[in-house]
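Here's the structure we're looking at; comments come further down.
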Amino acid sequence: MTITIFQSFLGWSLAINIAVLLSWVLAIKYAHDYVYQVHTYWISITNESFNNIHYGGIGLYKLLIVVFNLVPYFALMLVS
(Lines give C-alpha, C1' and ligand atoms only; values in the text may rest on other atoms or scores of the structure.)
Protein backbone atom coordinates (compact mmCIF):
# COMPACT_ATOMS: atom_id res chain seq x y z
CA MET A 1 0.00 0.00 0.00
CA THR A 2 1.42 3.35 -0.98
CA ILE A 3 1.37 6.52 1.10
CA THR A 4 -1.12 8.09 -1.31
CA ILE A 5 -3.61 5.24 -0.89
CA PHE A 6 -3.25 5.25 2.88
CA GLN A 7 -3.63 9.03 2.94
CA SER A 8 -6.79 8.75 0.85
CA PHE A 9 -8.12 6.05 3.18
CA LEU A 10 -7.51 8.22 6.23
CA GLY A 11 -9.14 11.21 4.52
CA TRP A 12 -12.31 9.29 3.74
CA SER A 13 -12.31 7.72 7.19
CA LEU A 14 -12.00 11.18 8.71
CA ALA A 15 -14.91 12.50 6.63
CA ILE A 16 -17.16 9.56 7.55
CA ASN A 17 -16.29 9.80 11.25
CA ILE A 18 -16.98 13.55 11.31
CA ALA A 19 -20.35 12.92 9.62
CA VAL A 20 -21.21 10.33 12.29
CA LEU A 21 -20.10 12.73 15.04
CA LEU A 22 -22.17 15.58 13.62
CA SER A 23 -25.25 13.41 13.25
CA TRP A 24 -24.86 12.25 16.86
CA VAL A 25 -24.49 15.82 18.13
CA LEU A 26 -27.44 17.05 16.07
CA ALA A 27 -29.62 14.14 17.21
CA ILE A 28 -28.88 14.89 20.85
CA LYS A 29 -29.32 18.64 20.38
CA TYR A 30 -32.50 18.74 18.29
CA ALA A 31 -34.19 15.42 19.06
CA HIS A 32 -33.11 15.01 22.68
CA ASP A 33 -36.52 14.01 24.00
CA TYR A 34 -37.08 11.41 21.27
CA VAL A 35 -33.62 9.86 21.72
CA TYR A 36 -34.08 9.85 25.49
CA GLN A 37 -37.50 8.20 25.09
CA VAL A 38 -36.05 5.48 22.85
CA HIS A 39 -33.25 4.75 25.32
CA THR A 40 -35.51 4.70 28.37
CA TYR A 41 -37.71 2.16 26.62
CA TRP A 42 -34.87 -0.36 27.03
CA ILE A 43 -33.34 0.70 30.36
CA SER A 44 -34.33 2.98 33.19
CA ILE A 45 -32.00 6.00 33.27
CA THR A 46 -32.30 9.54 34.53
CA ASN A 47 -32.13 12.49 32.17
CA GLU A 48 -28.95 13.74 33.87
CA SER A 49 -27.21 10.37 33.48
CA PHE A 50 -28.35 10.19 29.87
CA ASN A 51 -26.83 13.61 29.16
CA ASN A 52 -23.58 12.74 30.97
CA ILE A 53 -23.19 9.48 29.06
CA HIS A 54 -23.80 11.08 25.67
CA TYR A 55 -21.64 14.12 26.39
CA GLY A 56 -18.79 11.86 27.53
CA GLY A 57 -19.27 9.59 24.52
CA ILE A 58 -19.19 12.52 22.11
CA GLY A 59 -16.01 13.82 23.72
CA LEU A 60 -14.33 10.41 23.62
CA TYR A 61 -15.36 9.85 20.01
CA LYS A 62 -14.01 13.27 19.04
CA LEU A 63 -10.71 12.50 20.79
CA LEU A 64 -10.43 9.15 19.01
CA ILE A 65 -11.10 10.81 15.65
CA VAL A 66 -8.26 13.24 16.26
CA VAL A 67 -5.82 10.59 17.50
CA PHE A 68 -6.53 7.85 14.96
CA ASN A 69 -7.57 9.82 11.85
CA LEU A 70 -6.52 13.45 11.89
CA VAL A 71 -2.99 13.17 13.30
CA PRO A 72 -1.92 10.28 11.02
CA TYR A 73 -3.48 12.09 8.04
CA PHE A 74 -1.46 15.24 8.74
CA ALA A 75 1.68 13.18 9.40
CA LEU A 76 1.34 11.52 6.01
CA MET A 77 0.77 14.91 4.41
CA LEU A 78 4.06 16.12 5.90
CA VAL A 79 5.94 13.00 4.77
CA SER A 80 4.69 13.06 1.18
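Residues in the C-alpha coordinates are named by chain (A, B, ... in the order shown) and by number from 1 within that chain; ligands are numbered from 1 in the order shown.
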
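When the distance limit is 8 Å and only C-alpha atoms are what count, the residues near Tyr36 in chain A, minus those fewer than 3 positions from it on the same chain, are His32, Asp33, His39, Thr40, Asn47 and Phe50 of chain A.
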
- Option closest in space to Ile28 in chain A, from A:Ile58, A:Ile43, A:Leu14, A:Met1 [counting only C-alpha atoms]: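 Among A:Ile58, A:Ile43, A:Leu14, A:Met1, it is A:Ile58 that comes nearest to Ile28 in chain A.
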
- For Gly57 in chain A, work out the shell of residues within 10 Å, counting only C-alpha atoms and skipping chain neighbours fewer than 6 positions away, then give it as a PyMOL selection string. chain A and resi 24+51+63

- Query: If you count only C-alpha atoms, which residues fall within 10 Å of Ala15 in chain A, apart from same-chain ones fewer than 5 positions away, as a ChimeraX atom specification?
  - Reply: /A:9-10,20-21,65,69-70

Writer output for current selection, N, CA, C and O atoms, as a PDB file, in the first residue's frame:
ATOM      1  N   PHE A   9      -7.315   6.830   2.235  1.00  0.00           N
ATOM      2  CA  PHE A   9      -8.117   6.048   3.180  1.00  0.00           C
ATOM      3  C   PHE A   9      -8.385   6.835   4.459  1.00  0.00           C
ATOM      4  O   PHE A   9      -9.517   6.889   4.952  1.00  0.00           O
ATOM      5  N   LEU A  10      -7.342   7.447   5.007  1.00  0.00           N
ATOM      6  CA  LEU A  10      -7.507   8.224   6.227  1.00  0.00           C
ATOM      7  C   LEU A  10      -8.393   9.448   6.004  1.00  0.00           C
ATOM      8  O   LEU A  10      -9.171   9.832   6.884  1.00  0.00           O
ATOM      9  N   VAL A  20     -20.564  11.076  11.200  1.00  0.00           N
ATOM     10  CA  VAL A  20     -21.208  10.331  12.287  1.00  0.00           C
ATOM     11  C   VAL A  20     -21.257  11.185  13.552  1.00  0.00           C
ATOM     12  O   VAL A  20     -22.291  11.252  14.231  1.00  0.00           O
ATOM     13  N   LEU A  21     -20.148  11.862  13.867  1.00  0.00           N
ATOM     14  CA  LEU A  21     -20.104  12.727  15.040  1.00  0.00           C
ATOM     15  C   LEU A  21     -21.122  13.855  14.946  1.00  0.00           C
ATOM     16  O   LEU A  21     -21.850  14.135  15.906  1.00  0.00           O
ATOM     17  N   ILE A  65     -11.199  10.350  17.039  1.00  0.00           N
ATOM     18  CA  ILE A  65     -11.096  10.807  15.653  1.00  0.00           C
ATOM     19  C   ILE A  65      -9.797  11.574  15.450  1.00  0.00           C
ATOM     20  O   ILE A  65      -9.074  11.358  14.469  1.00  0.00           O
ATOM     21  N   ASN A  69      -7.334   9.410  13.233  1.00  0.00           N
ATOM     22  CA  ASN A  69      -7.574   9.817  11.854  1.00  0.00           C
ATOM     23  C   ASN A  69      -6.839  11.092  11.480  1.00  0.00           C
ATOM     24  O   ASN A  69      -6.122  11.123  10.481  1.00  0.00           O
ATOM     25  N   LEU A  70      -7.042  12.135  12.256  1.00  0.00           N
ATOM     26  CA  LEU A  70      -6.524  13.446  11.888  1.00  0.00           C
ATOM     27  C   LEU A  70      -5.001  13.533  12.000  1.00  0.00           C
ATOM     28  O   LEU A  70      -4.332  13.991  11.066  1.00  0.00           O
TER      29      LEU A  70
END

- Could you write out, as a PyMOL selection string, all the residues of chain A that DSSP marks as alpha helix (DSSP H)? chain A and resi 3-30+32-42+47-65+71-79

- Message: Please determine, counting only C-alpha atoms, which residue among A:Val38, A:Leu76, A:Leu64, A:Ile53 has the shortest atom-to-atom distance to Thr2 in chain A.
- Response: A:Leu76

- Task: Would you kindly return, as a list in words, each protein, DNA or RNA residue with an atom no farther than 10 Å from any atom of Tyr55 in chain A, considering only C-alpha atoms and excluding same-chain residues fewer than 6 positions away?
- Result: Val25, Ile28, Ser49 and Tyr61 of chain A

- Using only C-alpha atoms, which of the listed residues (A:Ala31, A:Ala75, A:Leu60, A:Val67) sits closest to Phe6 in chain A? A:Ala75

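Each of A:Met77, A:Ala19, A:Ala27, A:Val35 was compared to Ile5 in chain A using only C-alpha atoms, and A:Met77 turns out to be the nearest.
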
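The two atoms in question, CA of Ile18 in chain A and CA of Val71 in chain A, are spaced 14.1 Å apart.
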